[in-house]
Amino acid sequence: MRFFAEFFTLAMTAIFLENVVFSRALGASRMLNILKQGKNLLGFGALLTVMTTLASAATYFINGLLKETELKFYYRPFFFVLAITIIYIGIYLGMKQFLPALHTKLGATLTFATFNCALLGSVFLSADQNFNLAKTLGFGFGSGLGFTIATLLVYEGKRRLTLSEVPKSFRGFPITLMYLGMVALAMYGLVGHQLPF
């Protein structure tokens with residue numbers, strides 16, 4: 001019961017308070033590329049959530065093994081990326097072998113969902129906090145889900161902005177950045193920080 005409580009608490013924290021896009025700006029460029037290309041947002045978000053959860057589990061054990069190492073901060077990035085790559089290869093080959101229809105639809109998306117700074121940043125953030133396994137899995141799951149919610153929120157905002165009359169100099173990318181900034185400030189205020197002015 002305590003495992004699920006810690007998992008749920010850290011997942012909610014990662015989704016709303018420590019959102020990888022709005023509070024850390026991790027994966028913002030990947031999110032804007034997805035929105036520009038109009039690809040399957042929910043498919044990308046589901047793959048990213050699976051990858052962040054699995055990568056968090058793997059990096060938790062790697063971080064535990066490297067805890068005693070004197071130069072762990074130098075070795076850790078290599079082993080984290082190696083673990084993420086092994087997980088990616090396993091999922092890619094598993095999808096190709098057992099789920100060929102899903103592989104055809106989301107095979108290329110898996111690469112983009114795996115190798116981005118949102119995933120790598122979330123595993124480093126959880127490793128630096130020295131969470132236990134439940135909290136690490138919750139933070140990984142919440143980071144992926146938080147990225148998906150942020151992407152859907154920006155997609156809806158962008159859709160509404162195209163329907164409204166925006167001055168010509170602000171159309172497109174500039175108004176999207178302004179919208180992202182306003183939502184990020186709202187999230188920043190939700191955490192309880194005060195603005196300096």
# chains A, B, ... in the order shown; residues from 1 in each chain; ligands from 1
$ select_by_dssp --residues "chain A" --states "alpha helix (DSSP H)" --output "JSON, numbers by chain"
{"A": [2, 3, 4, 5, 6, 7, 8, 9, 10, 11, 12, 28, 29, 30, 31, 32, 33, 34, 35, 36, 37, 41, 42, 43, 44, 45, 46, 47, 48, 49, 50, 51, 52, 53, 54, 55, 56, 57, 58, 59, 60, 61, 62, 63, 64, 65, 66, 72, 73, 74, 75, 76, 77, 78, 79, 80, 81, 82, 83, 84, 85, 86, 87, 88, 89, 90, 91, 92, 93, 94, 95, 96, 97, 98, 100, 101, 102, 103, 104, 105, 106, 107, 108, 109, 110, 111, 112, 113, 114, 117, 118, 119, 120, 121, 122, 123, 124, 125, 126, 127, 128, 133, 134, 135, 136, 137, 138, 139, 140, 141, 142, 143, 144, 145, 146, 147, 148, 149, 150, 151, 152, 153, 154, 155, 156, 157, 158, 159, 160, 161, 162, 163, 173, 174, 175, 176, 177, 178, 179, 180, 181, 182, 183, 184, 185, 186, 187, 188, 189, 190, 191]}
$ residues_around --residues "range 180-184 of chain A" --least-positions-apart "4" --cutoff "8 Å" --atoms "only C-alpha atoms" --output "short mmCIF file (atom, residue, chain, number, x, y, z; two decimals) with N, CA, C and O atoms, in the first residue's frame"
data_model
loop_
_atom_site.label_atom_id
_atom_site.label_comp_id
_atom_site.auth_asym_id
_atom_site.auth_seq_id
_atom_site.Cartn_x
_atom_site.Cartn_y
_atom_site.Cartn_z
N PHE A 22 6.95 22.52 -18.61
CA PHE A 22 6.65 23.85 -18.09
C PHE A 22 7.58 24.31 -16.98
O PHE A 22 7.84 25.49 -16.84
N SER A 23 8.08 23.41 -16.15
CA SER A 23 8.94 23.85 -15.06
C SER A 23 10.41 23.69 -15.38
O SER A 23 11.24 24.39 -14.82
N VAL A 154 -0.86 22.54 -25.09
CA VAL A 154 -0.30 23.47 -26.08
C VAL A 154 -0.99 23.30 -27.43
O VAL A 154 -1.24 24.28 -28.14
N THR A 176 2.99 31.12 -30.09
CA THR A 176 3.11 29.83 -29.40
C THR A 176 4.08 29.94 -28.25
O THR A 176 3.82 29.42 -27.15
N TYR A 188 4.48 27.73 -12.56
CA TYR A 188 5.48 28.21 -11.61
C TYR A 188 4.80 28.78 -10.37
O TYR A 188 5.22 28.56 -9.25
#
$ closest_residue --among "A:Arg24, A:Leu99, A:Tyr179, A:Leu106" --to "Leu153 in chain A" --atoms "only C-alpha atoms"
A:Tyr179
$ closest_atom_pairs --of "range 89-175 of chain A" --to "range 37-53 of chain A" --cutoff "12 Å" --atoms "only C-alpha atoms" --output "CSV"
residue,atom,partner,partner_atom,distance
A:Ile89,CA,A:Met51,CA,11.4
A:Gly90,CA,A:Met51,CA,11.2
A:Ile91,CA,A:Met51,CA,9.1
A:Tyr92,CA,A:Leu47,CA,11.0
A:Met95,CA,A:Leu47,CA,11.7
A:Leu102,CA,A:Gly43,CA,10.1
A:His103,CA,A:Gly43,CA,11.6
A:Lys105,CA,A:Gly43,CA,9.2
A:Leu106,CA,A:Gly43,CA,7.2
A:Gly107,CA,A:Leu47,CA,10.0
A:Ala108,CA,A:Phe44,CA,10.0
A:Thr109,CA,A:Phe44,CA,6.3
A:Leu110,CA,A:Leu47,CA,6.3
A:Thr111,CA,A:Leu47,CA,9.5
A:Phe112,CA,A:Phe44,CA,8.2
A:Ala113,CA,A:Leu48,CA,4.9
A:Thr114,CA,A:Met51,CA,6.3
A:Phe115,CA,A:Leu48,CA,9.5
A:Asn116,CA,A:Leu48,CA,9.4
A:Cys117,CA,A:Thr52,CA,11.0
A:Ala118,CA,A:Thr52,CA,8.6
A:Leu119,CA,A:Thr52,CA,5.6
A:Leu120,CA,A:Thr52,CA,8.3
A:Gly121,CA,A:Thr52,CA,9.8
A:Ser122,CA,A:Thr52,CA,7.4
A:Val123,CA,A:Thr52,CA,7.4
A:Phe124,CA,A:Thr52,CA,11.0
A:Leu125,CA,A:Thr52,CA,11.8
A:Ser126,CA,A:Thr52,CA,10.9
A:Leu133,CA,A:Thr53,CA,11.0
A:Ala134,CA,A:Thr53,CA,10.8
A:Lys135,CA,A:Thr53,CA,10.9
A:Thr136,CA,A:Thr53,CA,8.3
A:Leu137,CA,A:Thr53,CA,5.7
A:Gly138,CA,A:Thr53,CA,7.7
A:Phe139,CA,A:Thr53,CA,8.0
A:Gly140,CA,A:Thr53,CA,4.6
A:Phe141,CA,A:Thr53,CA,4.9
A:Gly142,CA,A:Thr49,CA,7.7
A:Ser143,CA,A:Thr52,CA,7.1
A:Gly144,CA,A:Thr49,CA,3.9
A:Leu145,CA,A:Thr49,CA,5.7
A:Gly146,CA,A:Thr49,CA,8.8
A:Phe147,CA,A:Gly45,CA,7.0
A:Thr148,CA,A:Gly45,CA,4.7
A:Ile149,CA,A:Gly45,CA,8.3
A:Ala150,CA,A:Gly45,CA,9.9
A:Thr151,CA,A:Leu41,CA,7.4
A:Leu152,CA,A:Leu41,CA,7.4
A:Leu153,CA,A:Leu41,CA,11.1
A:Val154,CA,A:Leu41,CA,11.1
A:Tyr155,CA,A:Leu41,CA,9.0
A:Glu156,CA,A:Leu41,CA,11.6
A:Lys158,CA,A:Gly38,CA,11.8
A:Arg159,CA,A:Gly38,CA,11.6
$ write_last_selection --atoms "C-alpha atoms" --output "short mmCIF file (atom, residue, chain, number, x, y, z; two decimals), in the first residue's frame"
data_model
loop_
_atom_site.label_atom_id
_atom_site.label_comp_id
_atom_site.auth_asym_id
_atom_site.auth_seq_id
_atom_site.Cartn_x
_atom_site.Cartn_y
_atom_site.Cartn_z
CA ILE A 89 16.10 -2.00 -28.85
CA GLY A 90 14.10 -4.52 -26.79
CA ILE A 91 10.81 -2.67 -27.28
CA TYR A 92 11.50 -2.00 -30.96
CA MET A 95 6.95 -4.57 -31.40
CA LEU A 102 1.64 -1.25 -34.06
CA HIS A 103 5.24 -1.29 -35.27
CA LYS A 105 2.13 2.76 -37.11
CA LEU A 106 4.45 3.83 -34.27
CA GLY A 107 7.87 2.33 -35.05
CA ALA A 108 9.44 5.60 -36.17
CA THR A 109 7.75 7.50 -33.35
CA LEU A 110 9.39 5.21 -30.79
CA THR A 111 12.81 6.57 -31.75
CA PHE A 112 11.73 10.15 -31.12
CA ALA A 113 9.98 9.17 -27.90
CA THR A 114 13.13 7.46 -26.62
CA PHE A 115 15.95 9.76 -27.55
CA ASN A 116 14.97 13.19 -26.28
CA CYS A 117 15.92 15.41 -23.39
CA ALA A 118 12.56 14.96 -21.60
CA LEU A 119 13.31 11.29 -20.97
CA LEU A 120 16.97 11.75 -20.13
CA GLY A 121 16.24 14.76 -17.94
CA SER A 122 13.56 12.93 -15.98
CA VAL A 123 15.83 9.98 -15.18
CA PHE A 124 18.63 12.31 -14.10
CA LEU A 125 16.25 14.33 -11.93
CA SER A 126 15.01 11.23 -10.15
CA LEU A 133 11.96 2.49 -6.36
CA ALA A 134 8.30 3.49 -5.93
CA LYS A 135 9.09 7.20 -6.11
CA THR A 136 11.43 6.70 -9.07
CA LEU A 137 8.78 4.78 -11.01
CA GLY A 138 6.14 7.35 -10.08
CA PHE A 139 8.33 10.23 -11.18
CA GLY A 140 9.14 8.49 -14.47
CA PHE A 141 5.50 7.67 -15.17
CA GLY A 142 4.40 11.17 -14.18
CA SER A 143 7.07 12.81 -16.33
CA GLY A 144 5.86 10.99 -19.44
CA LEU A 145 2.22 11.66 -18.64
CA GLY A 146 3.00 15.28 -17.78
CA PHE A 147 4.72 15.72 -21.16
CA THR A 148 1.64 14.30 -22.87
CA ILE A 149 -0.72 16.59 -20.96
CA ALA A 150 1.51 19.58 -21.71
CA THR A 151 1.54 18.68 -25.41
CA LEU A 152 -2.24 18.39 -25.52
CA LEU A 153 -2.59 21.68 -23.64
CA VAL A 154 -0.30 23.47 -26.08
CA TYR A 155 -2.05 21.82 -29.04
CA GLU A 156 -5.43 23.09 -27.85
CA LYS A 158 -2.40 26.66 -30.59
CA ARG A 159 -5.66 25.56 -32.22
#
$ closest_residue --among "A:Ser29, A:Ala186, A:Glu70, A:Phe131" --to "Leu10 in chain A" --atoms "only C-alpha atoms"
A:Phe131
$ atom_distance --atom1 "CA of Tyr60 in chain A" --atom2 "CA of Leu82 in chain A"
13.5 Å
$ atom_distance --atom1 "CA of Leu185 in chain A" --atom2 "CA of Ala127 in chain A"
26.1 Å
$ closest_residue --among "A:Leu54, A:Ala14, A:Ile62, A:Ile175" --to "Thr162 in chain A" --atoms "only C-alpha atoms"
A:Ile175
